[in-house]
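First comes the structure, then the notes that go with it.
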Amino acid sequence: MLKNVAAALLLAASLPAMAQGPVQPAAPATPPKLIVAISVDQFSADLFSEYRQYYTGGLRRLTEQGVVFPRGYQGHAATETCPGHSTILTGSRPARTGIIANSWFDLNAARADKLVYCAEDETQPGSSSADYQASPVHLRVPTLGGRMKAANPATRVVSVAGKDRAAIMMGGPTADQVWWLGGPQGYVSYKGVATPPLVAKVNEVFAQRLAQPNPGFELPPQCAAKDFPVKAGNMTVGTGRFAREAGDYKSFRVSPEQDAMTLAFAAAAIETMALGRQAQTDIISIGLSATDYIGHAYGTEGTESCIQVDRLDRELGAFFDRLDKDGLDYVVMLTADHGGHDLPERHRLNAMPMEQRVDKALTPKALSAAIAEKTGISGERLIWGDGPAGDLYFDKSLTAAQRAKVEAATLALLRAHPQVQTVFTRAEIAATPSPSGPPESWSLIEEARASFDPQRSGDLLLLLKPRVMSIPEAAVMGYVATHGSPWDTDRRVPILFWRKGLAHFEQPLGVETADILPTLAALIGLSVPKDQIDGRCLDLIAGDGDSCAN
């Protein structure tokens, strides 16, 4: 079996997709045997729509044969990877999942930097924010796989991804297998988890692939107009082809090769574990992380991102063709954890002269120094935060009088800054009812409420104006662009469903990623109490009939 798996892995990770077959006959009335839930990190609704006419592979299948919600929303303001992934298979917004950001500050924590990563257990001995122990303990709600397993313990729940936080937040604490790309050593899991033969073989194939150089990818015709250099600080982007020297893991990770390997792993897991071949419905979640790494390193509008979307389409096509060949009755859901925004330097070349990078004065370190000078209150760090936007925390050593003085001075300084859209206090956010109705109609404070947790959120929430990139330098840790804003560039994502025989239709009105869990649960007849989630079931049957009634 493993010999066959190895051959299949090498094939799936290196060959272009085969042509799509004809439309399949009508789906049976019985539940699907396998749920395939795919998240494409930073695959914004804008990026999805920009290249839609060029799809020939898996994305074409989903958009032409499936049910398409091109205007899905990560409704909350904190449009980062961890909170976004926490919504996809829980049916809940970050305010309920407890995952308010990729990282937050716990000023009562023993560690000096007080920083807590969303997918770690900081209580473990020796754990630090720089060397953490991966864990799902911060996720406060069950995932779809967890609910399926509670209803039927025979259900197999598998989660694989390029990032730990993607695999953990979609798999949940009761998943049978959770694996992510942990570095040059290959795919890893939680501390103490033994490596099964399947994963050992996957990592062997990964090592073989990494040891071979990659001459780069050809430029698809639709990418030709993107092919011009853009200077961003000391970096030049916009013309890359992903050429890689043998053994260069960093370049492998920031390229289409990463997603090809993760999809090959997922296909091998489905085959080896016989997922979808027993009486119960199984679920596998797949986190494809390369689009995000590429968006950060090169932006979203150069040859790099264009090639990535083309390769993603091809690799998804090959993956779906393999599942078809194996005769599986499966349903696919594909979405994203958040969108993204291109780098200001390229926007300024392309008709957007108002695009700018954030003022360094808004970074927490600079803000602390300015407030100390204004108030006369000394302290190494009056304000804690991990960026020039998002949650800000007042130091715990402040007296009540000092805290009030620091808060007033901070609010005055921030609200007067030309790049700041607004600043909310935790009291203002907490007093706001949880949002309801179409996510495109929510106010900024409702978006903030959707990702507010009284135990983890900050004392202030700083939101920058549109077209202000929250990276103050042209390149920070190799990043030229990012996301995380409350604006639609970062909130809007596609939500796509496909199953053999499912009639195609498209609904352009806004829906939420929190709607995915109840929608999939209805397909398999799993009851989920409405008061335990934030989402609603989406009817996937065109015309008469209602998939939510099952």
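How things are named: the first chain in the structure tokens is A, the next is B, and so on; residues count from 1 in each chain; ligands count from 1 in the order shown.
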Using only C-alpha atoms, find each residue in range 61-159 of chain A having at least one atom no more than 8 Å away from range 189-212 of chain A; report its shortest atom-to-atom pair and that distance in Å (one decimal), rows by chain then rising number, as CSV.
```
residue,atom,partner,partner_atom,distance
A:Gln133,CA,A:Lys191,CA,7.1
A:Ala134,CA,A:Tyr190,CA,6.0
A:Ser135,CA,A:Tyr190,CA,6.9
```
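For Trp179 in chain A, the residues within 7 Å (counting only C-alpha atoms, excluding itself and residues fewer than 3 positions away along the chain) are Ser159, Val160, Ala161, Ala167, Tyr187, Val188 and Ser189 of chain A.
Residue neighbourhood of range 349-355 of chain A, excluding near-sequence residues (fewer than 2 positions): A:Val230, A:Asp342, A:Leu343, A:Pro344, A:Glu345, A:Arg346, A:His347, A:Arg357, A:Val358, A:Pro466, A:Arg467, A:Val468, A:Met469, at 10 Å, using only C-alpha atoms.
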I'd like the contact shell of range 367-379 of chain A - 8 Å cut-off, only C-alpha atoms, skipping same-chain residues fewer than 6 positions apart - returned as a list in words. Ala361, Gln402, Lys405, Val406, Ala409 and Thr410 of chain A
So which bits of range 17-131 of chain A end up strand (DSSP E) when you DSSP the backbone, as a ChimeraX atom specification? /A:34-40,67-73,103-105,115-117
Keeping N, CA and C atoms for every residue in the selection just given, could you write it to a file as a compact mmCIF listing (two decimals), in the first residue's frame?
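Final file, again_6.txt:
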```txt
# COMPACT_ATOMS: atom_id res chain seq x y z
N LEU A 34 -17.92 11.49 2.25
CA LEU A 34 -16.72 12.23 2.63
C LEU A 34 -16.95 13.73 2.42
N ILE A 35 -16.60 14.51 3.43
CA ILE A 35 -16.58 15.97 3.33
C ILE A 35 -15.14 16.41 3.14
N VAL A 36 -14.90 17.16 2.07
CA VAL A 36 -13.58 17.71 1.79
C VAL A 36 -13.68 19.23 1.95
N ALA A 37 -13.17 19.74 3.05
CA ALA A 37 -13.27 21.17 3.36
C ALA A 37 -11.91 21.82 3.11
N ILE A 38 -11.87 22.74 2.16
CA ILE A 38 -10.61 23.35 1.73
C ILE A 38 -10.61 24.84 2.05
N SER A 39 -9.54 25.29 2.69
CA SER A 39 -9.32 26.72 2.90
C SER A 39 -8.08 27.13 2.13
N VAL A 40 -8.21 28.15 1.29
CA VAL A 40 -7.07 28.70 0.56
C VAL A 40 -6.72 30.02 1.24
N VAL A 67 -22.20 25.25 -6.44
CA VAL A 67 -23.00 26.36 -5.90
C VAL A 67 -22.01 27.43 -5.44
N VAL A 68 -22.19 28.62 -5.98
CA VAL A 68 -21.18 29.67 -5.84
C VAL A 68 -21.74 30.85 -5.04
N PHE A 69 -21.05 31.17 -3.97
CA PHE A 69 -21.32 32.39 -3.20
C PHE A 69 -20.06 33.26 -3.34
N PRO A 70 -19.99 34.10 -4.37
CA PRO A 70 -18.77 34.86 -4.62
C PRO A 70 -18.54 35.97 -3.61
N ARG A 71 -19.56 36.26 -2.81
CA ARG A 71 -19.48 37.36 -1.85
C ARG A 71 -19.64 36.84 -0.43
N GLY A 72 -18.79 35.85 -0.10
CA GLY A 72 -18.75 35.39 1.28
C GLY A 72 -18.01 36.39 2.14
N TYR A 73 -18.22 36.31 3.43
CA TYR A 73 -17.58 37.25 4.36
C TYR A 73 -16.99 36.53 5.57
N SER A 103 -2.32 36.30 17.46
CA SER A 103 -1.72 36.36 18.79
C SER A 103 -2.40 37.47 19.57
N TRP A 104 -2.42 37.34 20.86
CA TRP A 104 -2.93 38.39 21.73
C TRP A 104 -2.03 38.48 22.96
N PHE A 105 -2.30 39.46 23.81
CA PHE A 105 -1.47 39.67 25.00
C PHE A 105 -2.24 39.26 26.24
N LEU A 115 3.06 37.63 25.18
CA LEU A 115 2.42 37.31 23.90
C LEU A 115 1.97 35.86 23.89
N VAL A 116 0.71 35.63 23.50
CA VAL A 116 0.14 34.29 23.43
C VAL A 116 -0.26 33.99 22.00
N TYR A 117 0.22 32.88 21.47
CA TYR A 117 -0.13 32.46 20.11
C TYR A 117 -1.45 31.69 20.14
```
Contacts of Val158 in chain A within 7 Å, only C-alpha atoms, excl. fewer than 4 positions in-chain, as a ChimeraX atom specification: /A:171,175-178,283-285
Selected residues written out with N, CA and C atoms, as an mmCIF file, in the first residue's frame:
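Result written to selection-v7.cif:
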```
data_model
loop_
_atom_site.group_PDB
_atom_site.id
_atom_site.type_symbol
_atom_site.label_atom_id
_atom_site.label_comp_id
_atom_site.auth_asym_id
_atom_site.auth_seq_id
_atom_site.Cartn_x
_atom_site.Cartn_y
_atom_site.Cartn_z
ATOM 1 N N GLY A 171 -9.348 21.293 12.269
ATOM 2 C CA GLY A 171 -9.474 19.931 12.772
ATOM 3 C C GLY A 171 -10.122 19.864 14.136
ATOM 4 N N ALA A 175 -9.762 15.662 16.603
ATOM 5 C CA ALA A 175 -9.420 15.084 15.303
ATOM 6 C C ALA A 175 -8.511 13.868 15.482
ATOM 7 N N ASP A 176 -8.657 12.910 14.588
ATOM 8 C CA ASP A 176 -7.824 11.710 14.635
ATOM 9 C C ASP A 176 -6.396 11.994 14.178
ATOM 10 N N GLN A 177 -6.253 12.816 13.160
ATOM 11 C CA GLN A 177 -4.942 13.142 12.623
ATOM 12 C C GLN A 177 -4.898 14.640 12.312
ATOM 13 N N VAL A 178 -3.872 15.339 12.805
ATOM 14 C CA VAL A 178 -3.665 16.765 12.532
ATOM 15 C C VAL A 178 -2.195 16.948 12.179
ATOM 16 N N ILE A 283 -14.536 13.205 7.376
ATOM 17 C CA ILE A 283 -14.231 14.581 6.974
ATOM 18 C C ILE A 283 -12.721 14.788 6.959
ATOM 19 N N ILE A 284 -12.244 15.460 5.925
ATOM 20 C CA ILE A 284 -10.857 15.904 5.871
ATOM 21 C C ILE A 284 -10.850 17.399 5.566
ATOM 22 N N SER A 285 -10.117 18.152 6.367
ATOM 23 C CA SER A 285 -9.939 19.581 6.096
ATOM 24 C C SER A 285 -8.524 19.789 5.584
#
```
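Distances to Ala45 in chain A were evaluated for A:Val493, A:Ala450, A:Met261, A:Ile307 using only C-alpha atoms, and the minimum falls at A:Val493.
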Tell me which of A:Phe452, A:Phe265, A:Tyr293, A:Phe320 sits closest to Gly57 in chain A, counting only C-alpha atoms.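 Checking each of A:Phe452, A:Phe265, A:Tyr293, A:Phe320 against Gly57 in chain A, counting only C-alpha atoms, the winner is A:Phe320.
Of the residues under consideration (A:Arg499, A:Glu304, A:Pro529, A:Pro136), A:Arg499 shows the shortest atom-to-atom contact distance to Ile541 in chain A when counting only C-alpha atoms.
The two atoms in question, CA of Gly233 in chain A and CA of Glu473 in chain A, are spaced 7.4 Å apart.
The two atoms in question, CA of Glu245 in chain A and CA of Pro215 in chain A, are spaced 8.0 Å apart.
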As a VMD selection string, please: every residue in range 53-101 of chain A that a backbone DSSP assignment puts in helix (DSSP H, G or I). chain A and resid 53 to 54 58 to 65 81 to 88 94 to 97
Could you write those residues out with N, CA, C and O atoms, as a compact mmCIF listing (two decimals), in the first residue's frame?
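Listed below is the output, out-v7.txt:
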```txt
# COMPACT_ATOMS: atom_id res chain seq x y z
N GLN A 53 -12.26 33.86 -15.27
CA GLN A 53 -12.46 33.50 -16.68
C GLN A 53 -11.36 32.58 -17.20
O GLN A 53 -11.52 31.97 -18.27
N TYR A 54 -10.26 32.45 -16.47
CA TYR A 54 -9.13 31.64 -16.94
C TYR A 54 -9.08 30.25 -16.31
O TYR A 54 -8.18 29.47 -16.64
N GLY A 58 -9.65 22.61 -11.21
CA GLY A 58 -10.56 22.41 -10.09
C GLY A 58 -11.42 23.61 -9.78
O GLY A 58 -12.60 23.46 -9.41
N LEU A 59 -10.88 24.81 -9.93
CA LEU A 59 -11.69 26.00 -9.67
C LEU A 59 -12.76 26.17 -10.73
O LEU A 59 -13.85 26.68 -10.44
N ARG A 60 -12.48 25.74 -11.93
CA ARG A 60 -13.52 25.77 -12.97
C ARG A 60 -14.66 24.83 -12.62
O ARG A 60 -15.84 25.17 -12.77
N ARG A 61 -14.31 23.64 -12.15
CA ARG A 61 -15.36 22.69 -11.74
C ARG A 61 -16.26 23.31 -10.68
O ARG A 61 -17.49 23.26 -10.77
N LEU A 62 -15.63 23.91 -9.67
CA LEU A 62 -16.41 24.47 -8.57
C LEU A 62 -17.28 25.63 -9.02
O LEU A 62 -18.42 25.78 -8.57
N THR A 63 -16.76 26.49 -9.90
CA THR A 63 -17.51 27.69 -10.29
C THR A 63 -18.53 27.43 -11.38
O THR A 63 -19.53 28.15 -11.47
N GLU A 64 -18.31 26.42 -12.22
CA GLU A 64 -19.25 26.15 -13.31
C GLU A 64 -20.24 25.03 -13.01
O GLU A 64 -21.30 24.95 -13.63
N GLN A 65 -19.89 24.15 -12.07
CA GLN A 65 -20.77 23.04 -11.75
C GLN A 65 -21.30 23.10 -10.32
O GLN A 65 -22.24 22.37 -9.99
N THR A 81 -5.28 34.97 9.97
CA THR A 81 -5.36 33.55 9.64
C THR A 81 -6.06 32.73 10.71
O THR A 81 -6.95 31.93 10.41
N CYS A 82 -5.66 32.89 11.96
CA CYS A 82 -6.21 32.04 13.02
C CYS A 82 -7.71 32.30 13.26
O CYS A 82 -8.50 31.35 13.26
N PRO A 83 -8.14 33.55 13.46
CA PRO A 83 -9.58 33.77 13.63
C PRO A 83 -10.38 33.35 12.41
O PRO A 83 -11.47 32.79 12.54
N GLY A 84 -9.85 33.60 11.21
CA GLY A 84 -10.57 33.20 10.01
C GLY A 84 -10.77 31.71 9.94
O GLY A 84 -11.88 31.22 9.67
N HIS A 85 -9.72 30.94 10.19
CA HIS A 85 -9.86 29.48 10.16
C HIS A 85 -10.76 28.98 11.27
O HIS A 85 -11.42 27.94 11.13
N SER A 86 -10.82 29.71 12.38
CA SER A 86 -11.68 29.26 13.48
C SER A 86 -13.16 29.35 13.14
O SER A 86 -13.98 28.70 13.77
N THR A 87 -13.52 30.17 12.15
CA THR A 87 -14.93 30.31 11.78
C THR A 87 -15.40 29.26 10.78
O THR A 87 -16.59 28.95 10.70
N ILE A 88 -14.47 28.70 10.00
CA ILE A 88 -14.85 27.94 8.80
C ILE A 88 -15.61 26.67 9.13
O ILE A 88 -16.61 26.34 8.48
N PRO A 94 -15.36 34.75 15.78
CA PRO A 94 -14.29 34.74 16.79
C PRO A 94 -14.75 35.11 18.20
O PRO A 94 -14.15 34.66 19.17
N ALA A 95 -15.79 35.93 18.32
CA ALA A 95 -16.31 36.26 19.65
C ALA A 95 -16.75 35.01 20.40
O ALA A 95 -16.71 34.97 21.63
N ARG A 96 -17.17 33.99 19.66
CA ARG A 96 -17.60 32.74 20.28
C ARG A 96 -16.47 31.71 20.30
O ARG A 96 -16.33 30.95 21.26
N THR A 97 -15.66 31.67 19.23
CA THR A 97 -14.57 30.69 19.19
C THR A 97 -13.46 31.04 20.17
O THR A 97 -12.68 30.18 20.57
```
Show which residues sit within 12 Å of Ile516 in chain A, as a ChimeraX atom specification. Count only C-alpha atoms, and ignore same-chain residues fewer than 5 positions away. /A:35,37-39,69,72-74,85-93,143-144,170,332-336,494-497,511,521-523,533-540,548
Among A:Leu444, A:Thr489, A:Gln455, A:Pro153, His138 in chain A is approached most closely, using only C-alpha atoms, by A:Gln455
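Residue neighbourhood of Thr239 in chain A, excluding near-sequence residues (fewer than 6 positions): Lys226, Asp227, Phe228, Pro229, Gly302, Thr303 and Glu304 of chain A, at 8 Å, using only C-alpha atoms.
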Using only C-alpha atoms, the shortest atom-to-atom distance to Gly183 in chain A among A:Pro221, A:Gly484, A:Gly247, A:Gly216 belongs to A:Gly247
